[in-house]
$ cat upload_3.txt   # compact mmCIF, C-alpha atoms and all ligand atoms
# COMPACT_ATOMS: atom_id res chain seq x y z
CA MET A 1 1.45 -5.13 6.10
CA ARG A 2 0.03 -8.07 4.10
CA THR A 3 -3.46 -9.54 4.48
CA MET A 4 -3.41 -12.94 6.18
CA LEU A 5 -4.60 -15.81 4.02
CA LYS A 6 -7.76 -17.42 5.38
CA ASN A 7 -7.49 -20.73 7.23
CA PRO A 8 -10.15 -23.01 5.67
CA LEU A 9 -10.20 -25.23 8.79
CA ALA A 10 -11.22 -22.33 11.00
CA LYS A 11 -14.28 -21.86 8.81
CA ALA A 12 -15.13 -25.53 9.15
CA GLY A 13 -14.96 -25.26 12.97
CA ARG A 14 -12.13 -27.80 13.31
CA ARG A 15 -8.83 -27.28 15.12
CA PRO A 16 -5.78 -28.02 12.99
CA ARG A 17 -3.05 -30.21 14.58
CA MET A 18 -0.49 -27.72 13.44
CA THR A 19 -0.93 -23.95 13.17
CA VAL A 20 0.31 -22.21 10.04
CA ARG A 21 1.14 -18.50 10.12
CA LEU A 22 2.29 -16.12 7.44
CA ALA A 23 4.88 -13.43 8.11
CA ASN A 24 3.54 -9.86 8.19
CA HIS A 25 5.74 -9.02 5.18
CA TYR A 26 6.63 -11.66 2.63
CA GLY A 27 7.05 -12.34 -1.05
CA MET A 28 7.25 -10.28 -4.17
CA CYS A 29 8.46 -6.68 -3.89
CA PHE A 30 7.40 -3.76 -6.09
CA GLY A 31 10.75 -3.83 -7.95
CA VAL A 32 10.31 -7.39 -9.17
CA ARG A 33 6.60 -6.92 -9.89
CA ASP A 34 7.36 -3.85 -12.06
CA ALA A 35 10.19 -5.65 -13.88
CA ILE A 36 7.91 -8.55 -14.81
CA ARG A 37 5.13 -6.19 -15.91
CA LYS A 38 7.48 -4.07 -18.09
CA THR A 39 8.90 -7.20 -19.73
CA LEU A 40 5.51 -8.79 -20.41
CA ASP A 41 4.15 -5.46 -21.74
CA ALA A 42 7.10 -5.15 -24.14
CA ALA A 43 6.64 -8.77 -25.28
CA VAL A 44 3.11 -7.99 -26.51
CA ASP A 45 4.52 -5.82 -29.33
CA GLU A 46 7.83 -7.46 -30.25
CA PRO A 47 10.21 -10.25 -29.28
CA VAL A 48 12.02 -9.59 -25.97
CA THR A 49 15.32 -11.10 -24.92
CA VAL A 50 16.07 -10.72 -21.20
CA LEU A 51 19.80 -10.37 -20.58
CA GLY A 52 20.12 -12.81 -17.69
CA GLN A 53 17.47 -14.24 -15.36
CA LEU A 54 14.82 -11.53 -14.89
CA VAL A 55 14.28 -12.67 -11.31
CA HIS A 56 15.68 -15.71 -9.55
CA ASN A 57 12.48 -17.74 -9.50
CA PRO A 58 11.59 -20.73 -11.75
CA VAL A 59 7.81 -20.12 -11.52
CA VAL A 60 8.29 -16.61 -12.93
CA ASP A 61 10.66 -18.02 -15.57
CA ALA A 62 7.93 -20.42 -16.71
CA GLU A 63 5.44 -17.53 -17.01
CA LEU A 64 7.93 -15.56 -19.13
CA ASP A 65 8.54 -18.64 -21.32
CA ARG A 66 4.80 -18.89 -21.97
CA ALA A 67 4.81 -15.24 -23.12
CA GLY A 68 7.64 -16.05 -25.57
CA VAL A 69 10.29 -14.08 -23.67
CA ARG A 70 13.78 -15.34 -24.56
CA ARG A 71 16.88 -15.46 -22.41
CA GLY A 72 20.18 -13.87 -23.50
CA ASP A 73 23.56 -13.10 -21.99
CA LEU A 74 24.48 -9.62 -20.73
CA GLY A 75 28.13 -10.24 -21.62
CA ALA A 76 27.37 -11.41 -25.18
CA GLU A 77 28.56 -9.57 -28.28
CA VAL A 78 26.03 -6.91 -29.34
CA THR A 79 24.72 -7.49 -32.85
CA GLU A 80 22.31 -5.15 -34.62
CA ASP A 81 20.86 -7.78 -36.92
CA GLU A 82 18.88 -9.67 -34.23
CA ASP A 83 15.19 -8.88 -33.98
CA GLY A 84 13.33 -7.40 -31.04
CA VAL A 85 14.39 -5.57 -27.92
CA VAL A 86 16.67 -6.57 -25.05
CA ALA A 87 15.76 -6.13 -21.37
CA PHE A 88 18.04 -5.45 -18.42
CA THR A 89 16.89 -7.25 -15.27
CA ALA A 90 15.67 -5.76 -11.97
CA HIS A 91 19.18 -6.41 -10.57
CA GLY A 92 20.59 -3.59 -12.71
CA VAL A 93 23.72 -3.26 -14.87
CA SER A 94 26.80 -1.06 -14.93
CA ASP A 95 26.79 2.13 -17.01
CA ARG A 96 29.43 0.48 -19.21
CA GLN A 97 27.05 -2.36 -20.05
CA ARG A 98 24.15 0.06 -20.55
CA GLN A 99 26.22 2.11 -22.99
CA ARG A 100 27.57 -0.97 -24.80
CA TRP A 101 24.07 -2.27 -25.57
CA SER A 102 22.58 1.08 -26.60
CA GLU A 103 25.58 2.04 -28.74
CA GLY A 104 25.42 -1.42 -30.33
CA GLY A 105 22.12 -0.38 -31.88
CA ARG A 106 19.80 -2.48 -29.72
CA GLN A 107 16.60 -1.06 -28.31
CA VAL A 108 16.65 -1.55 -24.55
CA VAL A 109 13.90 -2.03 -21.94
CA ASP A 110 15.48 -1.21 -18.59
CA THR A 111 13.69 -2.94 -15.70
CA THR A 112 16.32 -2.03 -13.09
CA CYS A 113 14.64 -1.50 -9.70
CA PRO A 114 14.78 2.15 -8.54
CA LEU A 115 16.36 0.96 -5.27
CA VAL A 116 19.20 -0.69 -7.20
CA HIS A 117 19.66 2.60 -9.09
CA LYS A 118 19.90 4.24 -5.65
CA ALA A 119 22.70 1.84 -4.65
CA HIS A 120 24.57 2.69 -7.90
CA ALA A 121 24.14 6.42 -7.18
CA ALA A 122 25.47 5.95 -3.62
CA LEU A 123 28.60 4.16 -4.87
CA ARG A 124 29.17 6.79 -7.58
CA LYS A 125 28.90 9.54 -4.95
CA LEU A 126 31.45 7.84 -2.71
CA ALA A 127 33.86 7.26 -5.61
CA ALA A 128 33.48 10.91 -6.74
CA ALA A 129 34.38 12.01 -3.20
CA GLY A 130 37.64 10.02 -3.37
CA TYR A 131 36.59 6.83 -1.57
CA ARG A 132 37.63 3.45 -2.96
CA PRO A 133 34.38 1.62 -3.87
CA VAL A 134 33.62 -1.40 -1.68
CA VAL A 135 30.47 -3.53 -1.99
CA ILE A 136 29.29 -5.89 0.73
CA GLY A 137 27.62 -8.73 -1.16
CA GLN A 138 27.85 -12.03 -2.91
CA PRO A 139 30.78 -12.15 -5.37
CA GLY A 140 29.62 -12.92 -8.90
CA HIS A 141 25.96 -12.05 -8.19
CA VAL A 142 24.55 -10.06 -11.10
CA GLU A 143 23.62 -7.05 -8.92
CA VAL A 144 27.10 -6.94 -7.38
CA GLU A 145 28.71 -7.26 -10.83
CA GLY A 146 26.61 -4.31 -12.00
CA LEU A 147 27.58 -2.21 -8.98
CA ILE A 148 31.33 -2.75 -9.35
CA GLY A 149 31.28 -2.81 -13.16
CA ASP A 150 32.11 0.89 -13.60
CA PHE A 151 35.04 0.94 -11.15
CA ASP A 152 38.31 -0.82 -11.97
CA ASP A 153 39.50 -0.63 -8.35
CA ALA A 154 36.25 -1.76 -6.67
CA LEU A 155 36.40 -4.49 -4.02
CA VAL A 156 33.76 -6.99 -2.90
CA VAL A 157 33.47 -8.14 0.71
CA ALA A 158 31.34 -11.24 1.30
CA GLY A 159 32.37 -11.82 4.92
CA GLY A 160 34.98 -11.23 7.59
CA ALA A 161 37.69 -13.19 5.78
CA ASP A 162 37.65 -10.68 2.90
CA ILE A 163 38.62 -7.76 5.15
CA ALA A 164 42.24 -8.93 4.72
CA ASN A 165 41.97 -7.80 1.05
CA LEU A 166 41.10 -4.21 2.00
CA PRO A 167 43.89 -1.61 2.09
CA GLU A 168 45.19 -0.62 5.55
CA ARG A 169 44.96 3.10 4.78
CA GLY A 170 43.10 5.53 2.57
CA ARG A 171 39.37 6.04 2.16
CA LEU A 172 36.89 3.18 1.83
CA GLY A 173 33.37 3.95 0.56
CA ILE A 174 31.04 1.06 1.37
CA VAL A 175 27.58 0.18 0.06
CA SER A 176 25.72 -3.11 0.19
CA GLN A 177 23.95 -5.41 -2.23
CA THR A 178 20.29 -4.46 -1.71
CA THR A 179 19.21 -7.92 -0.51
CA GLN A 180 21.85 -8.55 2.18
CA PRO A 181 20.67 -9.01 5.80
CA VAL A 182 21.03 -5.54 7.27
CA ASP A 183 22.33 -6.74 10.67
CA PHE A 184 25.05 -8.71 8.92
CA VAL A 185 26.03 -5.67 6.84
CA ARG A 186 26.16 -3.32 9.85
CA ALA A 187 28.24 -5.82 11.86
CA LEU A 188 30.63 -6.25 8.94
CA VAL A 189 31.08 -2.48 8.57
CA GLU A 190 31.92 -2.23 12.29
CA ARG A 191 34.43 -5.04 11.88
CA ILE A 192 36.03 -3.26 8.91
CA ARG A 193 36.34 -0.10 11.04
CA ALA A 194 37.93 -2.11 13.85
CA GLU A 195 40.34 -4.03 11.63
CA ARG A 196 41.26 -1.05 9.43
CA PRO A 197 41.84 1.73 12.02
CA GLY A 198 44.15 3.56 9.60
CA ALA A 199 41.43 3.87 6.93
CA GLU A 200 38.64 6.43 6.70
CA VAL A 201 35.47 4.36 6.31
CA LYS A 202 32.23 5.83 5.00
CA PHE A 203 29.16 3.58 4.76
CA ILE A 204 25.88 4.24 2.95
CA ASP A 205 23.14 1.74 3.84
CA THR A 206 21.66 0.52 0.53
CA VAL A 207 19.82 -2.57 1.80
CA CYS A 208 16.34 -1.99 0.35
CA ALA A 209 13.24 -1.38 2.47
CA PRO A 210 11.32 -4.49 1.25
CA THR A 211 14.29 -6.68 2.25
CA LYS A 212 14.45 -5.03 5.69
CA ASP A 213 10.67 -5.44 6.15
CA ARG A 214 10.84 -9.15 5.33
CA GLN A 215 13.79 -9.71 7.64
CA GLU A 216 12.08 -7.90 10.53
CA ALA A 217 8.81 -9.79 9.92
CA LEU A 218 10.76 -13.06 9.95
CA ARG A 219 12.27 -12.14 13.31
CA GLN A 220 8.75 -11.69 14.73
CA LEU A 221 7.50 -14.89 13.08
CA CYS A 222 10.36 -16.93 14.58
CA GLN A 223 9.19 -16.01 18.10
CA ASP A 224 6.09 -18.17 17.56
CA CYS A 225 7.29 -20.98 15.29
CA ASP A 226 9.09 -24.33 15.46
CA LEU A 227 9.81 -24.42 11.75
CA VAL A 228 9.79 -21.84 8.96
CA VAL A 229 9.03 -22.62 5.32
CA VAL A 230 10.78 -20.16 3.00
CA VAL A 231 9.29 -20.02 -0.50
CA GLY A 232 11.51 -18.89 -3.36
CA GLY A 233 13.98 -19.79 -6.10
CA ALA A 234 16.89 -22.05 -5.17
CA ASN A 235 19.33 -19.42 -6.51
CA SER A 236 17.55 -16.41 -4.98
CA ASN A 237 19.94 -14.52 -2.70
CA ASN A 238 17.29 -13.00 -0.44
CA THR A 239 15.39 -16.31 -0.14
CA GLY A 240 18.58 -17.99 1.08
CA ALA A 241 19.22 -15.09 3.45
CA LEU A 242 15.75 -15.51 5.01
CA ALA A 243 16.38 -19.23 5.61
CA ARG A 244 19.81 -18.55 7.16
CA ALA A 245 18.34 -15.77 9.34
CA ALA A 246 15.67 -18.15 10.72
CA GLU A 247 18.34 -20.71 11.57
CA GLN A 248 20.46 -18.04 13.27
CA LEU A 249 17.40 -17.21 15.37
CA GLY A 250 17.28 -20.87 16.45
CA VAL A 251 14.36 -21.93 14.23
CA ALA A 252 14.76 -24.69 11.64
CA ALA A 253 14.02 -23.63 8.04
CA VAL A 254 13.15 -25.52 4.88
CA ARG A 255 13.26 -23.97 1.40
CA VAL A 256 10.75 -24.79 -1.33
CA GLU A 257 10.21 -23.35 -4.79
CA ARG A 258 6.57 -24.48 -5.02
CA ALA A 259 3.84 -26.32 -3.05
CA GLU A 260 4.74 -29.66 -4.64
CA ASP A 261 8.17 -29.50 -2.95
CA LEU A 262 6.64 -29.78 0.57
CA ARG A 263 7.14 -33.18 2.28
CA PRO A 264 4.50 -34.02 4.95
CA GLY A 265 7.20 -35.92 6.91
CA TRP A 266 8.98 -32.62 7.65
CA PHE A 267 6.07 -31.56 9.87
CA ARG A 268 5.51 -34.73 11.95
CA SER A 269 6.78 -33.23 15.21
CA VAL A 270 6.02 -29.59 14.38
CA SER A 271 3.13 -27.78 16.05
CA ARG A 272 3.71 -24.22 14.79
CA VAL A 273 4.91 -23.55 11.27
CA GLY A 274 5.65 -20.12 9.81
CA VAL A 275 5.70 -19.15 6.15
CA THR A 276 7.68 -16.43 4.44
CA ALA A 277 8.88 -15.87 0.88
CA GLY A 278 11.65 -14.12 -1.01
CA THR A 279 11.13 -10.93 -2.97
CA SER A 280 10.88 -12.74 -6.32
CA THR A 281 8.15 -15.18 -5.26
CA LEU A 282 4.67 -14.79 -6.76
CA ASP A 283 1.72 -14.35 -4.34
CA GLU A 284 0.04 -17.26 -6.08
CA THR A 285 2.95 -19.58 -5.21
CA VAL A 286 2.82 -18.50 -1.54
CA ARG A 287 -0.94 -19.09 -1.48
CA GLN A 288 -0.51 -22.61 -2.88
CA VAL A 289 2.19 -23.42 -0.30
CA PHE A 290 0.00 -22.04 2.51
CA GLU A 291 -3.01 -24.07 1.39
CA ARG A 292 -1.00 -27.29 1.10
CA LEU A 293 0.38 -26.69 4.62
CA GLN A 294 -3.20 -26.34 5.85
CA ARG A 295 -4.04 -29.72 4.33
CA ILE A 296 -0.94 -31.26 5.94
CA ALA A 297 -1.96 -29.62 9.25
CA ALA A 298 -5.32 -31.41 8.98
CA GLY A 299 -3.56 -34.76 8.56
CA GLY A 300 -3.76 -34.87 4.79
CA SER A 301 -1.06 -34.40 2.22
S1 LIG B 401 14.60 -6.77 -3.57
FE1 LIG B 401 14.68 -4.55 -3.21
S2 LIG B 401 16.17 -3.79 -4.69
FE2 LIG B 401 15.61 -5.85 -5.35
S3 LIG B 401 13.95 -5.54 -6.80
FE3 LIG B 401 13.00 -5.82 -4.80
S4 LIG B 401 12.73 -3.73 -3.98
FE4 LIG B 401 14.18 -3.63 -5.66
$ encode --input "upload_3.txt" --output "structure tokens" --more "lines below"
Ligand code: SF4
Amino acid sequence: MRTMLKNPLAKAGRRPRMTVRLANHYGMCFGVRDAIRKTLDAAVDEPVTVLGQLVHNPVVDAELDRAGVRRGDLGAEVTEDEDGVVAFTAHGVSDRQRQRWSEGGRQVVDTTCPLVHKAHAALRKLAAAGYRPVVIGQPGHVEVEGLIGDFDDALVVAGGADIANLPERGRLGIVSQTTQPVDFVRALVERIRAERPGAEVKFIDTVCAPTKDRQEALRQLCQDCDLVVVVGGANSNNTGALARAAEQLGVAAVRVERAEDLRPGWFRSVSRVGVTAGTSTLDETVRQVFERLQRIAAGGS
């Protein structure tokens, strides 16, 4: 449970025209927080090159830029002659990639979230038991690429249309990208069972607890809101999932990366606005969005 940000208007004894509420769970998760801390700590001693985008959030990117952290490519050729260490992101990598970088002579800082490691372990366990690895997730997303990267026969299912690509028979061992909406994942697994009656389907739920908490808190928030503001990176999977979930619950959603993105015109006919944020969004960014919404609620901008 998160502490509610204070409403400055309440202190002043005035009633805002629009109420602004924060979800009970929102914003940065422990996995992202730890990944940023490990990267910044390493950058104090030597140059760090992050292999990919550490987290999908431009405000965090700017903070890393200020600390001199460079961006590299996980798929690049490994060369020993470059200086400094390389960092894997919180989204994790395949064992093949991990081995390729350490055997290539580079010192590695691994910021993979423990809950992503858990998803890898679940898929390995299913594969070892003879199940064909299947991942429910976004094709091409770095976490999904890491999950399937050690299995040549792995399949990715993004939605119902992809079930046609699954074999009719045999054993299917399913896990999920950690940031998928859990209701969507469970419904998709049931659909796979129904459409593949000749296959033995085993599912291990690897949607992470912080994602589930934020989705459940959003459900509660939507009961009392006309509009939800979702704060997070434009390419953040879980931020997009929160916005889509609000819309599926019948509540309009707008996405912003920072307070400056808010447009007062969006709130002209809104009396109750809710705020939530993806797991890679800094608390400071959420606070700034909340405070700007309070000013808009008071008729300012
Ligand atoms: S969203 Fe979940 S899996 Fe991803 S870094 Fe955060 S806690 Fe870990």
$ residues_around --input "upload_3.txt" --residues "Glu143 (chain A)" --least-positions-apart "6" --cutoff "10 Å" --atoms "all atoms listed in the file" --output "list in words"
Thr89, Ala90, His91, Gly92, Val93, Ser94, Thr112, Val116, Ala119, His120, Gly137, Gly149, Gln177, Thr178 and Thr179 of chain A
$ closest_residue --input "upload_3.txt" --among "A:Pro133, A:Pro197, A:Gly146, A:Gly278" --to "Arg169 (chain A)" --atoms "all atoms listed in the file"
A:Pro197
$ residues_near_ligand --input "upload_3.txt" --ligand "ligand LIG 401 (chain B)" --cutoff "10 Å" --atoms "all atoms listed in the file" --output "CSV table (one decimal) with C-alpha atoms, keeping the file's coordinate frame"
chain,number,residue,atom,x,y,z
A,27,GLY,CA,7.0,-12.3,-1.0
A,28,MET,CA,7.2,-10.3,-4.2
A,29,CYS,CA,8.5,-6.7,-3.9
A,30,PHE,CA,7.4,-3.8,-6.1
A,31,GLY,CA,10.8,-3.8,-8.0
A,32,VAL,CA,10.3,-7.4,-9.2
A,33,ARG,CA,6.6,-6.9,-9.9
A,34,ASP,CA,7.4,-3.8,-12.1
A,35,ALA,CA,10.2,-5.6,-13.9
A,55,VAL,CA,14.3,-12.7,-11.3
A,89,THR,CA,16.9,-7.2,-15.3
A,90,ALA,CA,15.7,-5.8,-12.0
A,91,HIS,CA,19.2,-6.4,-10.6
A,92,GLY,CA,20.6,-3.6,-12.7
A,111,THR,CA,13.7,-2.9,-15.7
A,112,THR,CA,16.3,-2.0,-13.1
A,113,CYS,CA,14.6,-1.5,-9.7
A,114,PRO,CA,14.8,2.2,-8.5
A,115,LEU,CA,16.4,1.0,-5.3
A,116,VAL,CA,19.2,-0.7,-7.2
A,117,HIS,CA,19.7,2.6,-9.1
A,118,LYS,CA,19.9,4.2,-5.6
A,119,ALA,CA,22.7,1.8,-4.6
A,143,GLU,CA,23.6,-7.0,-8.9
A,177,GLN,CA,24.0,-5.4,-2.2
A,178,THR,CA,20.3,-4.5,-1.7
A,179,THR,CA,19.2,-7.9,-0.5
A,180,GLN,CA,21.8,-8.6,2.2
A,206,THR,CA,21.7,0.5,0.5
A,207,VAL,CA,19.8,-2.6,1.8
A,208,CYS,CA,16.3,-2.0,0.4
A,209,ALA,CA,13.2,-1.4,2.5
A,210,PRO,CA,11.3,-4.5,1.2
A,211,THR,CA,14.3,-6.7,2.2
A,212,LYS,CA,14.4,-5.0,5.7
A,214,ARG,CA,10.8,-9.2,5.3
A,237,ASN,CA,19.9,-14.5,-2.7
A,238,ASN,CA,17.3,-13.0,-0.4
A,278,GLY,CA,11.6,-14.1,-1.0
A,279,THR,CA,11.1,-10.9,-3.0
A,280,SER,CA,10.9,-12.7,-6.3
$ closest_residue --input "upload_3.txt" --among "A:Thr239, A:Thr39, A:Gln215, A:Thr79" --to "Glu63 (chain A)" --atoms "all atoms listed in the file"
A:Thr39
$ atom_distance --input "upload_3.txt" --atom1 "CA of Ala42 (chain A)" --atom2 "CA of Gly68 (chain A)"
11.0 Å
$ residues_around --input "upload_3.txt" --residues "Arg292 (chain A)" --least-positions-apart "5" --cutoff "10 Å" --atoms "only C-alpha atoms" --output "NGL selection string"
:A and (259-260 or 262 or 264 or 286-287 or 297-298 or 300-301)
$ atom_distance --input "upload_3.txt" --atom1 "CA of Asp213 (chain A)" --atom2 "CA of Phe267 (chain A)"
26.8 Å
$ closest_residue --input "upload_3.txt" --among "A:Gly250, A:Gly84, A:Gly173, A:Gly104" --to "Ile204 (chain A)" --atoms "all atoms listed in the file"
A:Gly173
$ build_atoms --input "upload_3.txt" --residues "region 103-113 of chain A" --atoms "all heavy atoms" --output "PDB file, in the frame of the given file"
ATOM      1  N   GLU A 103      24.742   1.638 -27.594  1.00  0.00           N
ATOM      2  CA  GLU A 103      25.580   2.040 -28.740  1.00  0.00           C
ATOM      3  C   GLU A 103      25.639   0.937 -29.800  1.00  0.00           C
ATOM      4  O   GLU A 103      25.907   1.203 -30.964  1.00  0.00           O
ATOM      5  CB  GLU A 103      26.999   2.369 -28.272  1.00  0.00           C
ATOM      6  CG  GLU A 103      27.070   3.744 -27.621  1.00  0.00           C
ATOM      7  CD  GLU A 103      28.458   4.080 -27.116  1.00  0.00           C
ATOM      8  OE1 GLU A 103      29.359   3.229 -27.213  1.00  0.00           O
ATOM      9  OE2 GLU A 103      28.621   5.205 -26.612  1.00  0.00           O
ATOM     10  N   GLY A 104      25.407  -0.299 -29.381  1.00  0.00           N
ATOM     11  CA  GLY A 104      25.420  -1.420 -30.330  1.00  0.00           C
ATOM     12  C   GLY A 104      24.179  -1.464 -31.196  1.00  0.00           C
ATOM     13  O   GLY A 104      23.990  -2.384 -31.983  1.00  0.00           O
ATOM     14  N   GLY A 105      23.282  -0.494 -30.999  1.00  0.00           N
ATOM     15  CA  GLY A 105      22.120  -0.380 -31.880  1.00  0.00           C
ATOM     16  C   GLY A 105      20.911  -1.162 -31.410  1.00  0.00           C
ATOM     17  O   GLY A 105      19.921  -1.274 -32.128  1.00  0.00           O
ATOM     18  N   ARG A 106      20.962  -1.719 -30.198  1.00  0.00           N
ATOM     19  CA  ARG A 106      19.800  -2.480 -29.720  1.00  0.00           C
ATOM     20  C   ARG A 106      18.869  -1.587 -28.908  1.00  0.00           C
ATOM     21  O   ARG A 106      19.324  -0.744 -28.123  1.00  0.00           O
ATOM     22  CB  ARG A 106      20.259  -3.654 -28.841  1.00  0.00           C
ATOM     23  CG  ARG A 106      21.086  -4.692 -29.571  1.00  0.00           C
ATOM     24  CD  ARG A 106      20.372  -5.304 -30.755  1.00  0.00           C
ATOM     25  NE  ARG A 106      19.151  -6.003 -30.416  1.00  0.00           N
ATOM     26  CZ  ARG A 106      19.095  -7.285 -30.073  1.00  0.00           C
ATOM     27  NH1 ARG A 106      20.186  -8.008 -30.056  1.00  0.00           N
ATOM     28  NH2 ARG A 106      17.935  -7.849 -29.776  1.00  0.00           N
ATOM     29  N   GLN A 107      17.584  -1.771 -29.115  1.00  0.00           N
ATOM     30  CA  GLN A 107      16.600  -1.060 -28.310  1.00  0.00           C
ATOM     31  C   GLN A 107      16.505  -1.764 -26.954  1.00  0.00           C
ATOM     32  O   GLN A 107      16.438  -2.999 -26.896  1.00  0.00           O
ATOM     33  CB  GLN A 107      15.262  -1.089 -29.027  1.00  0.00           C
ATOM     34  CG  GLN A 107      14.284  -0.060 -28.501  1.00  0.00           C
ATOM     35  CD  GLN A 107      12.892  -0.317 -29.037  1.00  0.00           C
ATOM     36  OE1 GLN A 107      12.735  -0.779 -30.162  1.00  0.00           O
ATOM     37  NE2 GLN A 107      11.884  -0.038 -28.232  1.00  0.00           N
ATOM     38  N   VAL A 108      16.557  -0.959 -25.884  1.00  0.00           N
ATOM     39  CA  VAL A 108      16.650  -1.550 -24.550  1.00  0.00           C
ATOM     40  C   VAL A 108      15.428  -1.233 -23.700  1.00  0.00           C
ATOM     41  O   VAL A 108      14.947  -0.101 -23.682  1.00  0.00           O
ATOM     42  CB  VAL A 108      17.928  -1.005 -23.837  1.00  0.00           C
ATOM     43  CG1 VAL A 108      17.931  -1.398 -22.372  1.00  0.00           C
ATOM     44  CG2 VAL A 108      19.193  -1.517 -24.518  1.00  0.00           C
ATOM     45  N   VAL A 109      14.897  -2.239 -22.999  1.00  0.00           N
ATOM     46  CA  VAL A 109      13.900  -2.030 -21.940  1.00  0.00           C
ATOM     47  C   VAL A 109      14.649  -2.204 -20.628  1.00  0.00           C
ATOM     48  O   VAL A 109      15.205  -3.270 -20.372  1.00  0.00           O
ATOM     49  CB  VAL A 109      12.762  -3.079 -22.029  1.00  0.00           C
ATOM     50  CG1 VAL A 109      11.788  -2.912 -20.875  1.00  0.00           C
ATOM     51  CG2 VAL A 109      12.044  -2.989 -23.357  1.00  0.00           C
ATOM     52  N   ASP A 110      14.699  -1.142 -19.830  1.00  0.00           N
ATOM     53  CA  ASP A 110      15.480  -1.210 -18.590  1.00  0.00           C
ATOM     54  C   ASP A 110      14.531  -1.446 -17.418  1.00  0.00           C
ATOM     55  O   ASP A 110      13.748  -0.575 -17.056  1.00  0.00           O
ATOM     56  CB  ASP A 110      16.257   0.100 -18.396  1.00  0.00           C
ATOM     57  CG  ASP A 110      17.242  -0.014 -17.246  1.00  0.00           C
ATOM     58  OD1 ASP A 110      17.243  -1.039 -16.544  1.00  0.00           O
ATOM     59  OD2 ASP A 110      18.034   0.938 -17.067  1.00  0.00           O
ATOM     60  N   THR A 111      14.598  -2.647 -16.813  1.00  0.00           N
ATOM     61  CA  THR A 111      13.690  -2.940 -15.700  1.00  0.00           C
ATOM     62  C   THR A 111      14.414  -2.833 -14.350  1.00  0.00           C
ATOM     63  O   THR A 111      13.918  -3.338 -13.342  1.00  0.00           O
ATOM     64  CB  THR A 111      13.049  -4.343 -15.828  1.00  0.00           C
ATOM     65  OG1 THR A 111      14.003  -5.345 -15.455  1.00  0.00           O
ATOM     66  CG2 THR A 111      12.549  -4.627 -17.220  1.00  0.00           C
ATOM     67  N   THR A 112      15.579  -2.179 -14.348  1.00  0.00           N
ATOM     68  CA  THR A 112      16.320  -2.030 -13.090  1.00  0.00           C
ATOM     69  C   THR A 112      15.433  -1.416 -12.003  1.00  0.00           C
ATOM     70  O   THR A 112      14.774  -0.392 -12.228  1.00  0.00           O
ATOM     71  CB  THR A 112      17.544  -1.113 -13.288  1.00  0.00           C
ATOM     72  OG1 THR A 112      18.352  -1.647 -14.332  1.00  0.00           O
ATOM     73  CG2 THR A 112      18.376  -1.003 -12.014  1.00  0.00           C
ATOM     74  N   CYS A 113      15.433  -2.027 -10.817  1.00  0.00           N
ATOM     75  CA  CYS A 113      14.640  -1.500  -9.700  1.00  0.00           C
ATOM     76  C   CYS A 113      15.188  -0.122  -9.293  1.00  0.00           C
ATOM     77  O   CYS A 113      16.409   0.071  -9.228  1.00  0.00           O
ATOM     78  CB  CYS A 113      14.749  -2.459  -8.519  1.00  0.00           C
ATOM     79  SG  CYS A 113      13.987  -1.810  -7.034  1.00  0.00           S
TER      80      CYS A 113
END
